[in-house]
Amino acid sequence: MALYFLLMHVVLFCSPVLEAQTPNSAYFSWTKELKNELFYVRQYDKHARPILNSSEQVIQVDVRFSFSRAVFNEKDGILETNGWLGLRWLDSMLKWDPSEFGDMRNLKLISDLLWKPDIVVFNSVRGYDPMPPSQATLLHDGTVYYIPPLYLVTPCDPDLTKWPEGFIKCEIRFGAWTLDSTEILLGILENETKADLIHYESWSSQWEITETAVSTNSYFNCCNPYYQDVAVTVHLKRNSSPAEKIVIVSSAGIWIIVLSSYWMSPNSADRQTIGYSGFIGMILILVIFLWKLPTGKNVPVLLITHLVLLLQCGSNCAVTMMNRRLLQRSPKSAPYWVRRMVNNKILDTLSPRREMLTEIELNQASIIN
């Protein structure tokens, strides 16, 4: 009796599980048979370009890049990017008839089992690393989709003229390392002229992507064969932080105070105190700017303005000290160098006919005598 109840338990509760596993078992069986046909029976060579005859010498490789993160490192002048590189090409050696393999129309494989174009990032700061292994999708007509995740570090040359506000343009260049135009032909997937920003998230409050562009370029056009690359151009906008705005407002306040000190009495001690305070304040602000200033070829207008203001504060201090020094001395006797400059240099500059008039006066005096 116990054996009877055990058999009934197996029939009632385990039969649905066995029936549910039957389709999966068939799928794994067809998958195993298909892999055996593609890689063992046909003796697929992943190191050889997958072409069947001479009419298929060139393999079309379509490229598309999707952004998930982009952060510009201001001090080093580099763009750190996370995303996916989408590649599509036709592998003529991996076609099959779905009706012969349980109506299987696609197969997911590790990319190391397939031939792949040797795509690298030409302008990578970290060197020419090959694409990392990832899952690839193989369709029954031989179409291969290979989408590896990437972390890229590429250089940028920002325009700092309007810093801390402004825009920068960076490029990420993908191309084949050894395969020329007679072996593969690079194109843009689905003829999209812009990069994919569907999964993009702005991780930085200061930099955000405003526009992208994708184009193909050819190199060594003078010679045959030539090489190609796919350039992904990124335009980023910088938003100044609240701390930078506070510093700029503070420097404007210092400038107004220093300018207003010129209306004070030349021998006023407050004017000298304002000049010293403005000079020290501008030095501190310039140190902050130089600490936060990105690497670039242009000098920001804001930095030039603050350098001029620093010189103005210094000249204000120097003129105030000279005025106080002169006023503290006796007014009956000016310094010798001041008298000589006023009598000779300054009068000669202001009156270029002074020497001529003196000679005429001497001639008239000699005639009279």
# chains A, B, ... in the order shown; residues from 1 in each chain; ligands from 1

$ residues_around --residues "region 124-129 of chain A" --least-positions-apart "6" --cutoff "9 Å" --atoms "only C-alpha atoms" --output "list in words"
Ile78, Leu152, Val153, Thr154, Pro155, Ile172, Arg173 and Trp177 of chain A

$ write_last_selection --atoms "N, CA, C and O atoms" --output "PDB file, in the first residue's frame"
ATOM      1  N   ILE A  78      40.748  64.596 -19.822  1.00  0.00           N
ATOM      2  CA  ILE A  78      40.341  63.328 -20.429  1.00  0.00           C
ATOM      3  C   ILE A  78      38.852  63.105 -20.204  1.00  0.00           C
ATOM      4  O   ILE A  78      38.267  63.611 -19.241  1.00  0.00           O
ATOM      5  N   LEU A 152      35.983  53.601 -21.534  1.00  0.00           N
ATOM      6  CA  LEU A 152      36.948  54.268 -22.386  1.00  0.00           C
ATOM      7  C   LEU A 152      37.497  55.509 -21.706  1.00  0.00           C
ATOM      8  O   LEU A 152      36.774  56.214 -20.982  1.00  0.00           O
ATOM      9  N   VAL A 153      38.780  55.768 -21.959  1.00  0.00           N
ATOM     10  CA  VAL A 153      39.445  56.984 -21.481  1.00  0.00           C
ATOM     11  C   VAL A 153      40.121  57.617 -22.693  1.00  0.00           C
ATOM     12  O   VAL A 153      41.097  57.076 -23.217  1.00  0.00           O
ATOM     13  N   THR A 154      39.590  58.728 -23.152  1.00  0.00           N
ATOM     14  CA  THR A 154      40.094  59.386 -24.352  1.00  0.00           C
ATOM     15  C   THR A 154      40.429  60.846 -24.045  1.00  0.00           C
ATOM     16  O   THR A 154      39.795  61.467 -23.185  1.00  0.00           O
ATOM     17  N   PRO A 155      41.420  61.423 -24.746  1.00  0.00           N
ATOM     18  CA  PRO A 155      41.796  62.814 -24.472  1.00  0.00           C
ATOM     19  C   PRO A 155      40.840  63.805 -25.116  1.00  0.00           C
ATOM     20  O   PRO A 155      40.167  63.501 -26.111  1.00  0.00           O
ATOM     21  N   ILE A 172      35.818  60.011 -30.028  1.00  0.00           N
ATOM     22  CA  ILE A 172      36.178  58.618 -29.766  1.00  0.00           C
ATOM     23  C   ILE A 172      36.254  57.936 -31.128  1.00  0.00           C
ATOM     24  O   ILE A 172      35.258  57.865 -31.850  1.00  0.00           O
ATOM     25  N   ARG A 173      37.431  57.432 -31.480  1.00  0.00           N
ATOM     26  CA  ARG A 173      37.664  56.895 -32.817  1.00  0.00           C
ATOM     27  C   ARG A 173      37.846  55.381 -32.748  1.00  0.00           C
ATOM     28  O   ARG A 173      38.774  54.884 -32.115  1.00  0.00           O
ATOM     29  N   TRP A 177      42.572  47.458 -36.508  1.00  0.00           N
ATOM     30  CA  TRP A 177      43.996  47.630 -36.265  1.00  0.00           C
ATOM     31  C   TRP A 177      44.835  47.127 -37.436  1.00  0.00           C
ATOM     32  O   TRP A 177      45.818  47.757 -37.816  1.00  0.00           O
TER      33      TRP A 177
END

$ residues_around --residues "Glu33 (chain A)" --least-positions-apart "4" --cutoff "8 Å" --atoms "only C-alpha atoms" --output "JSON, numbers by chain"
{"A": [29, 37, 101]}

$ atom_distance --atom1 "CA of Val71 (chain A)" --atom2 "CA of Trp207 (chain A)"
6.7 Å

$ closest_atom_pairs --of "region 114-148 of chain A" --to "region 224-238 of chain A" --cutoff "10 Å" --atoms "only C-alpha atoms" --output "Markdown table"
| residue | atom | partner | partner_atom | distance |
| --- | --- | --- | --- | --- |
| A:Ile119 | CA | A:Asp229 | CA | 9.2 |
| A:Val120 | CA | A:Asp229 | CA | 9.6 |
| A:Val121 | CA | A:Asp229 | CA | 9.3 |
| A:Phe122 | CA | A:Asp229 | CA | 8.5 |

$ residues_around --residues "region 307-314 of chain A" --least-positions-apart "3" --cutoff "12 Å" --atoms "only C-alpha atoms" --output "JSON, numbers by chain"
{"A": [251, 252, 253, 254, 255, 256, 257, 258, 259, 260, 261, 262, 271, 272, 273, 274, 275, 276, 277, 278, 279, 280, 281, 282, 283, 284, 285, 286, 287, 289, 290, 299, 300, 301, 302, 303, 304, 317, 318, 319, 320, 321]}

$ residues_around --residues "Val63 (chain A)" --least-positions-apart "5" --cutoff "7 Å" --atoms "only C-alpha atoms" --output "ChimeraX atom specification"
/A:86-88,187-189

$ atom_distance --atom1 "CA of Ile110 (chain A)" --atom2 "CA of His140 (chain A)"
16.4 Å

$ atom_distance --atom1 "CA of Thr178 (chain A)" --atom2 "CA of Ser218 (chain A)"
14.3 Å

$ select_by_dssp --residues "region 224-290 of chain A" --states "strand (DSSP E)" --output "VMD selection string"
chain A and resid 227 to 238

$ closest_residue --among "A:Ser66, A:Thr216, A:Ser202, A:Ser99" --to "Gly83 (chain A)" --atoms "only C-alpha atoms"
A:Ser66

$ residues_around --residues "region 142-148 of chain A" --least-positions-apart "4" --cutoff "6 Å" --atoms "only C-alpha atoms" --output "ChimeraX atom specification"
/A:84-92,94-95,134,136-138

$ write_last_selection --atoms "N, CA and C atoms" --output "mmCIF file, in the first residue's frame"
data_model
loop_
_atom_site.group_PDB
_atom_site.id
_atom_site.type_symbol
_atom_site.label_atom_id
_atom_site.label_comp_id
_atom_site.auth_asym_id
_atom_site.auth_seq_id
_atom_site.Cartn_x
_atom_site.Cartn_y
_atom_site.Cartn_z
ATOM 1 N N TRP A 84 28.223 50.846 -24.594
ATOM 2 C CA TRP A 84 28.240 49.594 -25.354
ATOM 3 C C TRP A 84 28.582 49.906 -26.796
ATOM 4 N N LEU A 85 29.439 49.083 -27.364
ATOM 5 C CA LEU A 85 29.775 49.196 -28.780
ATOM 6 C C LEU A 85 29.025 48.104 -29.534
ATOM 7 N N GLY A 86 28.128 48.500 -30.416
ATOM 8 C CA GLY A 86 27.361 47.538 -31.205
ATOM 9 C C GLY A 86 28.032 47.278 -32.542
ATOM 10 N N LEU A 87 28.336 45.998 -32.824
ATOM 11 C CA LEU A 87 28.946 45.590 -34.085
ATOM 12 C C LEU A 87 28.045 44.565 -34.765
ATOM 13 N N ARG A 88 27.942 44.686 -36.081
ATOM 14 C CA ARG A 88 27.144 43.738 -36.862
ATOM 15 C C ARG A 88 27.881 43.414 -38.154
ATOM 16 N N TRP A 89 27.996 42.129 -38.458
ATOM 17 C CA TRP A 89 28.588 41.706 -39.718
ATOM 18 C C TRP A 89 27.967 40.374 -40.129
ATOM 19 N N LEU A 90 28.276 39.941 -41.341
ATOM 20 C CA LEU A 90 27.735 38.699 -41.893
ATOM 21 C C LEU A 90 28.842 37.650 -41.932
ATOM 22 N N ASP A 91 28.583 36.522 -41.245
ATOM 23 C CA ASP A 91 29.510 35.394 -41.236
ATOM 24 C C ASP A 91 28.924 34.309 -42.138
ATOM 25 N N SER A 92 29.463 34.218 -43.354
ATOM 26 C CA SER A 92 28.920 33.274 -44.329
ATOM 27 C C SER A 92 29.146 31.821 -43.953
ATOM 28 N N LEU A 94 28.531 30.505 -41.040
ATOM 29 C CA LEU A 94 27.664 30.101 -39.928
ATOM 30 C C LEU A 94 26.188 30.232 -40.280
ATOM 31 N N LYS A 95 25.824 29.872 -41.494
ATOM 32 C CA LYS A 95 24.419 29.877 -41.893
ATOM 33 C C LYS A 95 23.834 28.478 -41.717
ATOM 34 N N SER A 134 32.343 38.897 -24.810
ATOM 35 C CA SER A 134 30.964 39.137 -24.410
ATOM 36 C C SER A 134 30.075 38.146 -25.155
ATOM 37 N N ALA A 136 27.500 36.988 -27.858
ATOM 38 C CA ALA A 136 27.147 37.386 -29.216
ATOM 39 C C ALA A 136 25.906 36.620 -29.650
ATOM 40 N N THR A 137 25.103 37.250 -30.486
ATOM 41 C CA THR A 137 23.889 36.622 -31.021
ATOM 42 C C THR A 137 24.101 36.311 -32.493
ATOM 43 N N LEU A 138 23.893 35.041 -32.849
ATOM 44 C CA LEU A 138 24.071 34.569 -34.220
ATOM 45 C C LEU A 138 22.713 34.216 -34.806
#

$ closest_residue --among "A:Thr161, A:Gln135, A:Gln60, A:Asn53" --to "Pro117 (chain A)" --atoms "only C-alpha atoms"
A:Gln60
